[in-house]
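Structure file model_7.pdb (PDB, C-alpha atoms) follows.
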```
MODEL        1
ATOM      1  CA  MET A   1     100.436  84.351 113.812  1.00  0.00           C
ATOM      2  CA  LEU A   2     102.943  84.124 116.622  1.00  0.00           C
ATOM      3  CA  ALA A   3     106.552  84.663 115.508  1.00  0.00           C
ATOM      4  CA  PHE A   4     110.022  85.429 116.836  1.00  0.00           C
ATOM      5  CA  GLU A   5     111.770  88.447 115.383  1.00  0.00           C
ATOM      6  CA  VAL A   6     115.463  87.725 115.939  1.00  0.00           C
ATOM      7  CA  ALA A   7     118.350  90.132 115.320  1.00  0.00           C
ATOM      8  CA  ILE A   8     122.092  89.926 115.875  1.00  0.00           C
ATOM      9  CA  ASP A   9     123.866  93.224 116.539  1.00  0.00           C
ATOM     10  CA  GLY A  10     120.889  95.107 115.118  1.00  0.00           C
ATOM     11  CA  LYS A  11     120.745  93.093 111.871  1.00  0.00           C
ATOM     12  CA  LEU A  12     117.543  91.121 111.372  1.00  0.00           C
ATOM     13  CA  LEU A  13     118.196  87.379 111.133  1.00  0.00           C
ATOM     14  CA  ALA A  14     114.594  86.233 110.721  1.00  0.00           C
ATOM     15  CA  ARG A  15     110.946  86.604 111.513  1.00  0.00           C
ATOM     16  CA  ALA A  16     110.454  82.957 112.422  1.00  0.00           C
ATOM     17  CA  GLY A  17     106.975  81.550 112.625  1.00  0.00           C
ATOM     18  CA  LEU A  18     104.361  79.390 110.928  1.00  0.00           C
ATOM     19  CA  GLU A  19     100.616  78.915 111.173  1.00  0.00           C
ATOM     20  CA  ASP A  20     100.747  75.260 112.241  1.00  0.00           C
ATOM     21  CA  TRP A  21     103.578  75.505 114.747  1.00  0.00           C
ATOM     22  CA  ALA A  22     103.900  73.048 117.611  1.00  0.00           C
ATOM     23  CA  VAL A  23     107.233  74.410 118.878  1.00  0.00           C
ATOM     24  CA  LEU A  24     109.219  77.575 118.180  1.00  0.00           C
ATOM     25  CA  THR A  25     112.733  77.928 119.616  1.00  0.00           C
ATOM     26  CA  CYS A  26     115.498  80.483 119.866  1.00  0.00           C
ATOM     27  CA  ILE A  27     118.575  79.017 121.564  1.00  0.00           C
ATOM     28  CA  VAL A  28     121.866  80.720 122.375  1.00  0.00           C
ATOM     29  CA  SER A  29     124.543  78.208 123.360  1.00  0.00           C
ATOM     30  CA  ALA A  30     128.185  78.313 124.398  1.00  0.00           C
ATOM     31  CA  ASN A  31     130.321  75.185 124.159  1.00  0.00           C
ATOM     32  CA  ARG A  32     133.979  74.742 124.995  1.00  0.00           C
ATOM     33  CA  ALA A  33     135.980  73.204 122.177  1.00  0.00           C
ATOM     34  CA  ASN A  34     137.088  69.667 123.091  1.00  0.00           C
ATOM     35  CA  GLY A  35     136.168  70.268 126.729  1.00  0.00           C
ATOM     36  CA  ARG A  36     139.188  72.525 127.293  1.00  0.00           C
ATOM     37  CA  ARG A  37     139.164  75.154 130.001  1.00  0.00           C
ATOM     38  CA  GLY A  38     139.823  78.761 129.155  1.00  0.00           C
ATOM     39  CA  ALA A  39     138.478  81.426 126.850  1.00  0.00           C
ATOM     40  CA  LEU A  40     135.847  80.490 124.315  1.00  0.00           C
ATOM     41  CA  ALA A  41     136.760  80.451 120.637  1.00  0.00           C
ATOM     42  CA  ASN A  42     134.395  82.286 118.280  1.00  0.00           C
ATOM     43  CA  ASP A  43     132.991  79.063 116.854  1.00  0.00           C
ATOM     44  CA  ASP A  44     131.872  77.954 120.311  1.00  0.00           C
ATOM     45  CA  LEU A  45     129.092  80.561 120.531  1.00  0.00           C
ATOM     46  CA  ARG A  46     126.013  79.770 118.450  1.00  0.00           C
ATOM     47  CA  LEU A  47     122.434  80.827 117.834  1.00  0.00           C
ATOM     48  CA  HIS A  48     119.735  78.455 116.636  1.00  0.00           C
ATOM     49  CA  VAL A  49     116.282  79.601 115.542  1.00  0.00           C
ATOM     50  CA  GLY A  50     113.963  76.732 114.730  1.00  0.00           C
ATOM     51  CA  GLY A  51     110.730  74.973 115.318  1.00  0.00           C
ATOM     52  CA  LEU A  52     108.534  71.966 114.790  1.00  0.00           C
ATOM     53  CA  SER A  53     105.246  71.885 112.900  1.00  0.00           C
ATOM     54  CA  GLN A  54     102.106  70.113 114.020  1.00  0.00           C
ATOM     55  CA  HIS A  55     101.342  66.763 112.395  1.00  0.00           C
ATOM     56  CA  ASP A  56      99.926  67.048 108.874  1.00  0.00           C
ATOM     57  CA  ASN A  57      97.182  64.867 107.360  1.00  0.00           C
ATOM     58  CA  ASP A  58      99.732  62.076 106.773  1.00  0.00           C
ATOM     59  CA  GLY A  59     100.848  62.167 110.415  1.00  0.00           C
ATOM     60  CA  ALA A  60     104.216  63.771 109.653  1.00  0.00           C
ATOM     61  CA  SER A  61     105.644  66.802 111.384  1.00  0.00           C
ATOM     62  CA  TYR A  62     108.581  68.884 110.192  1.00  0.00           C
ATOM     63  CA  HIS A  63     111.625  70.469 111.784  1.00  0.00           C
ATOM     64  CA  LEU A  64     112.216  74.039 110.625  1.00  0.00           C
ATOM     65  CA  ARG A  65     115.327  76.203 110.756  1.00  0.00           C
ATOM     66  CA  TRP A  66     115.814  79.874 110.078  1.00  0.00           C
ATOM     67  CA  GLY A  67     119.380  81.108 109.549  1.00  0.00           C
ATOM     68  CA  ASP A  68     122.486  79.015 109.098  1.00  0.00           C
ATOM     69  CA  PRO A  69     122.861  75.764 111.024  1.00  0.00           C
ATOM     70  CA  GLU A  70     125.695  77.324 112.966  1.00  0.00           C
ATOM     71  CA  THR A  71     124.943  81.013 113.193  1.00  0.00           C
ATOM     72  CA  LEU A  72     128.066  82.196 114.956  1.00  0.00           C
ATOM     73  CA  LEU A  73     128.261  84.740 117.726  1.00  0.00           C
ATOM     74  CA  THR A  74     131.255  86.406 119.325  1.00  0.00           C
ATOM     75  CA  VAL A  75     131.826  87.798 122.795  1.00  0.00           C
ATOM     76  CA  GLY A  76     129.914  91.070 122.811  1.00  0.00           C
ATOM     77  CA  SER A  77     127.283  89.968 120.281  1.00  0.00           C
ATOM     78  CA  GLU A  78     123.858  91.334 121.075  1.00  0.00           C
ATOM     79  CA  VAL A  79     120.983  88.965 120.331  1.00  0.00           C
ATOM     80  CA  THR A  80     117.541  90.544 120.342  1.00  0.00           C
ATOM     81  CA  LEU A  81     114.393  88.438 120.471  1.00  0.00           C
ATOM     82  CA  ARG A  82     110.983  90.037 120.134  1.00  0.00           C
ATOM     83  CA  VAL A  83     107.807  87.966 120.335  1.00  0.00           C
ATOM     84  CA  ILE A  84     105.400  89.360 117.749  1.00  0.00           C
ATOM     85  CA  GLU A  85     102.015  88.710 116.191  1.00  0.00           C
ATOM     86  CA  THR A  86     102.251  89.096 112.393  1.00  0.00           C
ATOM     87  CA  ALA A  87     100.707  87.972 109.110  1.00  0.00           C
ATOM     88  CA  GLU A  88     104.099  87.786 107.347  1.00  0.00           C
ATOM     89  CA  VAL A  89     107.052  85.625 108.354  1.00  0.00           C
ATOM     90  CA  ASP A  90     110.252  84.567 106.636  1.00  0.00           C
ATOM     91  CA  SER A  91     110.367  81.182 104.959  1.00  0.00           C
ATOM     92  CA  PRO A  92     112.564  78.736 106.856  1.00  0.00           C
ATOM     93  CA  ARG A  93     115.968  78.082 105.346  1.00  0.00           C
ATOM     94  CA  ARG A  94     115.467  74.359 105.864  1.00  0.00           C
ATOM     95  CA  ARG A  95     112.450  72.136 106.480  1.00  0.00           C
ATOM     96  CA  HIS A  96     112.783  68.379 106.955  1.00  0.00           C
ATOM     97  CA  ARG A  97     110.675  65.537 108.281  1.00  0.00           C
ATOM     98  CA  ALA A  98     110.827  64.840 111.991  1.00  0.00           C
ATOM     99  CA  ASP A  99     109.942  61.144 111.813  1.00  0.00           C
ATOM    100  CA  THR A 100     112.061  58.071 111.166  1.00  0.00           C
ATOM    101  CA  MET A 101     109.766  56.670 108.467  1.00  0.00           C
ATOM    102  CA  LYS A 102     111.459  58.878 105.910  1.00  0.00           C
ATOM    103  CA  GLU A 103     114.768  60.275 107.127  1.00  0.00           C
ATOM    104  CA  GLU A 104     115.843  63.603 105.694  1.00  0.00           C
ATOM    105  CA  SER A 105     119.037  65.520 106.396  1.00  0.00           C
ATOM    106  CA  PRO A 106     118.662  68.671 108.456  1.00  0.00           C
ATOM    107  CA  TYR A 107     121.238  70.339 106.187  1.00  0.00           C
ATOM    108  CA  THR A 108     121.139  71.546 102.603  1.00  0.00           C
ATOM    109  CA  GLU A 109     123.684  70.053 100.174  1.00  0.00           C
ATOM    110  CA  ASP A 110     125.793  73.224 100.393  1.00  0.00           C
ATOM    111  CA  GLU A 111     125.711  73.107 104.198  1.00  0.00           C
ATOM    112  CA  GLU A 112     126.739  69.434 104.233  1.00  0.00           C
ATOM    113  CA  ARG A 113     129.668  70.238 101.933  1.00  0.00           C
ATOM    114  CA  GLU A 114     130.720  73.127 104.175  1.00  0.00           C
ATOM    115  CA  LEU A 115     130.579  70.892 107.264  1.00  0.00           C
ATOM    116  CA  ARG A 116     132.690  68.220 105.538  1.00  0.00           C
ATOM    117  CA  TYR A 117     135.194  70.905 104.503  1.00  0.00           C
ATOM    118  CA  ARG A 118     135.466  72.133 108.103  1.00  0.00           C
ATOM    119  CA  ASP A 119     136.088  68.538 109.233  1.00  0.00           C
ATOM    120  CA  TYR A 120     138.761  68.209 106.536  1.00  0.00           C
ATOM    121  CA  LEU A 121     140.527  71.381 107.718  1.00  0.00           C
ATOM    122  CA  GLU A 122     140.465  70.223 111.349  1.00  0.00           C
ATOM    123  CA  LEU A 123     141.878  66.811 110.402  1.00  0.00           C
ATOM    124  CA  LYS A 124     144.522  68.409 108.206  1.00  0.00           C
ATOM    125  CA  GLU A 125     145.586  70.643 111.106  1.00  0.00           C
ATOM    126  CA  GLU A 126     145.617  67.715 113.538  1.00  0.00           C
ATOM    127  CA  PHE A 127     147.576  65.288 111.402  1.00  0.00           C
ATOM    128  CA  GLY A 128     149.576  67.673 109.223  1.00  0.00           C
ATOM    129  CA  PRO A 129     151.107  66.863 105.863  1.00  0.00           C
ATOM    130  CA  GLY A 130     152.732  63.471 105.332  1.00  0.00           C
ATOM    131  CA  GLN A 131     151.452  61.806 108.496  1.00  0.00           C
ATOM    132  CA  ASP A 132     149.818  58.393 108.305  1.00  0.00           C
TER     133      ASP A 132
ENDMDL
END
```

Using structure tokens, write down the structure from this file.
Amino acid sequence: MLAFEVAIDGKLLARAGLEDWAVLTCIVSANRANGRRGALANDDLRLHVGGLSQHDNDGASYHLRWGDPETLLTVGSEVTLRVIETAEVDSPRRRHRADTMKEESPYTEDEERELRYRDYLELKEEFGPGQD
């Protein structure tokens, strides 16, 4: 099957692929925090490896994600993508329905908790102790 072999700084992140794929993606993105000009912070560079399955017998397709939802990169990171044909791929870290008939979170419970904690830390820094 077709797959993406993705590595960061020589360390394999995933062999991402599936038999019934409709879409496979590997996206490197850079976003400025809060639209500010200047140097990028580490958390503004990200890598996403994912895909979308074909419709199953019930008409549902599924989003797939390999790696963390916010795989972080830094300036100087080397991302290697190799398109391969293989019989063995890594299981996706997350798989959730792509339709609105049955909404599923794209994040695991642990990932949702981590995202809430990051929000908490940002709010704590913004408002500081004792502010209303």

**Request:** Skip Ala7 in chain A itself and residues of its chain fewer than 4 positions away, then list as number ranges by chain all residues within 7 Å of it, counting only C-alpha atoms.
**Result:** A: 11-13, 79-81

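Put simply, CA of Cys26 in chain A is 16.6 Å away from CA of Asp44 in chain A.
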
**Request:** For Val89 in chain A, please output as a PyMOL selection string all residues within 8 Å (counting all atoms listed in the file; exclusion window: fewer than 6 positions along the same chain).
**Result:** chain A and resi 3+14-18

**Residue nearest Arg97 in chain A among A:Glu111, A:Glu85, A:Asp68, A:Asp56 (counting only C-alpha atoms)** = A:Asp56

Any chance you could work out the axis-aligned box around range 73-84 of chain A, listed atoms only, 6 Å on each side, giving centre and edge lengths in Å to one decimal, as AutoDock Vina command-line options?
```
--center_x 118.6 --center_y 88.0 --center_z 120.3 --size_x 38.4 --size_y 18.6 --size_z 17.1
```

**Message:** List the spatial neighbours of Val83 in chain A as a list in words - criterion: any atom at most 9 Å away, all atoms listed in the file, same-chain residues fewer than 5 positions off excluded.
**Reply:** Leu2, Ala3, Phe4, Glu5 and Val6 of chain A

Give me a file of those residues, with C-alpha atoms, as a JSON list (two decimals), keeping the file's coordinate frame.
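And here's result.json as it stands now:
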```json
[["chain", "number", "residue", "atom", "x", "y", "z"],
["A", 2, "LEU", "CA", 102.94, 84.12, 116.62],
["A", 3, "ALA", "CA", 106.55, 84.66, 115.51],
["A", 4, "PHE", "CA", 110.02, 85.43, 116.84],
["A", 5, "GLU", "CA", 111.77, 88.45, 115.38],
["A", 6, "VAL", "CA", 115.46, 87.72, 115.94]]
```
